[in-house]
Amino acid sequence: MGLPIAMGWRHLLFANWPVDPDVVAARLPDDLSVETYDGRAWLSVVPYLNVDVRPRGLPGGLGFELPELNLRTYVSRDGEPGIYFFSLDAEGILGVVGARLFHRLPYYYADIAMTETERGIAFSSERRQPGAPPAEFVGTYDPIGEPFVPAPDSLAAFLTERYRYYTTARDGTLRYADIDHDPWSLREVTVTIDRNTLFEANGFES
């Protein structure tokens, strides 16, 4: 589906909220089913930095960096688990347009700042795309503790070990793409979220 690309991810945060499954199901395409953990659906706000973004097949070191923010949930179709993105905010107008055209993903152009501070990673995003619902996120997160690989049946694995995303094409058909990545090495974090309007921007109550 679309142009295959390669990239790496840095300074990534999974900030997760439990939600009534019916609330999430009401905002999904008909062909997708909500996946739950302990009876709850989950919404995740994920800020991070894409690094060395390039067409797959080109050697590393030739790509570019792109800060990004997304709101996602966890779904399946015919038993195949994956991610469904409600929105993705990113810098770079050309990248946003390309992702919308070739990958059918709901990208929006945003002003994003990401810096390393004494308190950890400071991340701020404000959507700038004309006609799009306004959305902001401002927060700081600092990794603590030792890295770990989540146990297969844990909530951490449920939220992170996903190898497919689903999206809806312009004609309404459901499409997917498979993602190839190594298992995540995770760390606990301290998080301060000063502002987050992604839920309201995507039709959820705060």
# chains A, B, ... in the order shown; residues from 1 in each chain; ligands from 1
$ residues_around --residues "stretch 10-22 of chain A" --least-positions-apart "3" --cutoff "6 Å" --atoms "only C-alpha atoms" --output "list of chain:residue names"
A:Ala25, A:Arg40, A:Ala41, A:Trp42, A:Leu43, A:Ser44, A:Val45, A:Val46, A:Pro47, A:Tyr48, A:Leu49
$ closest_atom_pairs --of "stretch 106-151 of chain A" --to "stretch 186-195 of chain A" --cutoff "10 Å" --atoms "only C-alpha atoms" --output "CSV"
residue,atom,partner,partner_atom,distance
A:Arg119,CA,A:Thr190,CA,9.3
A:Gly120,CA,A:Thr190,CA,8.8
A:Ile121,CA,A:Val191,CA,9.6
A:Ala122,CA,A:Thr192,CA,9.5
A:Phe123,CA,A:Ile193,CA,9.6
A:Ser124,CA,A:Arg195,CA,8.9
A:Ser125,CA,A:Arg195,CA,9.8
A:Ala135,CA,A:Arg195,CA,9.8
A:Glu136,CA,A:Arg195,CA,6.7
A:Phe137,CA,A:Arg195,CA,5.2
A:Val138,CA,A:Arg195,CA,5.0
A:Gly139,CA,A:Ile193,CA,4.2
A:Thr140,CA,A:Thr192,CA,5.3
A:Tyr141,CA,A:Val191,CA,4.4
A:Asp142,CA,A:Val189,CA,5.3
A:Pro143,CA,A:Val189,CA,4.2
A:Ile144,CA,A:Val189,CA,5.3
A:Gly145,CA,A:Arg187,CA,6.3
A:Glu146,CA,A:Arg187,CA,6.2
A:Pro147,CA,A:Arg187,CA,4.8
A:Phe148,CA,A:Leu186,CA,5.3
A:Val149,CA,A:Leu186,CA,6.1
A:Pro150,CA,A:Leu186,CA,7.4
$ closest_residue --among "A:Ala110, A:Leu198, A:Val75, A:Ala90" --to "A:Tyr163" --atoms "only C-alpha atoms"
A:Val75
$ closest_residue --among "A:Pro67, A:Val24, A:Arg72, A:Ile112" --to "A:Thr160" --atoms "only C-alpha atoms"
A:Arg72
$ residues_around --residues "stretch 175-184 of chain A" --least-positions-apart "3" --cutoff "7 Å" --atoms "only C-alpha atoms" --output "PyMOL selection string"
chain A and resi 1+149+161+163-169
$ write_last_selection --atoms "C-alpha atoms" --output "mmCIF file, in the first residue's frame"
data_model
loop_
_atom_site.group_PDB
_atom_site.id
_atom_site.type_symbol
_atom_site.label_atom_id
_atom_site.label_comp_id
_atom_site.auth_asym_id
_atom_site.auth_seq_id
_atom_site.Cartn_x
_atom_site.Cartn_y
_atom_site.Cartn_z
ATOM 1 C CA MET A 1 0.000 0.000 0.000
ATOM 2 C CA VAL A 149 11.036 -5.993 26.854
ATOM 3 C CA GLU A 161 3.733 -4.817 19.745
ATOM 4 C CA TYR A 163 2.761 -4.845 13.160
ATOM 5 C CA ARG A 164 -0.102 -3.572 10.989
ATOM 6 C CA TYR A 165 -2.059 -0.370 10.626
ATOM 7 C CA TYR A 166 -5.472 0.065 9.043
ATOM 8 C CA THR A 167 -6.733 3.109 7.178
ATOM 9 C CA THR A 168 -9.684 4.122 5.033
ATOM 10 C CA ALA A 169 -9.256 5.078 1.381
#
$ atom_distance --atom1 "atom CA of A:Pro134" --atom2 "atom CA of A:Asn196"
10.9 Å
$ atom_distance --atom1 "atom CA of A:Leu88" --atom2 "atom CA of A:Glu205"
18.5 Å
$ closest_residue --among "A:Val34, A:Thr117, A:Phe204, A:Arg27" --to "A:Ile83" --atoms "only C-alpha atoms"
A:Val34
$ closest_residue --among "A:Trp9, A:Tyr74, A:Val23, A:Leu174" --to "A:Thr36" --atoms "only C-alpha atoms"
A:Tyr74
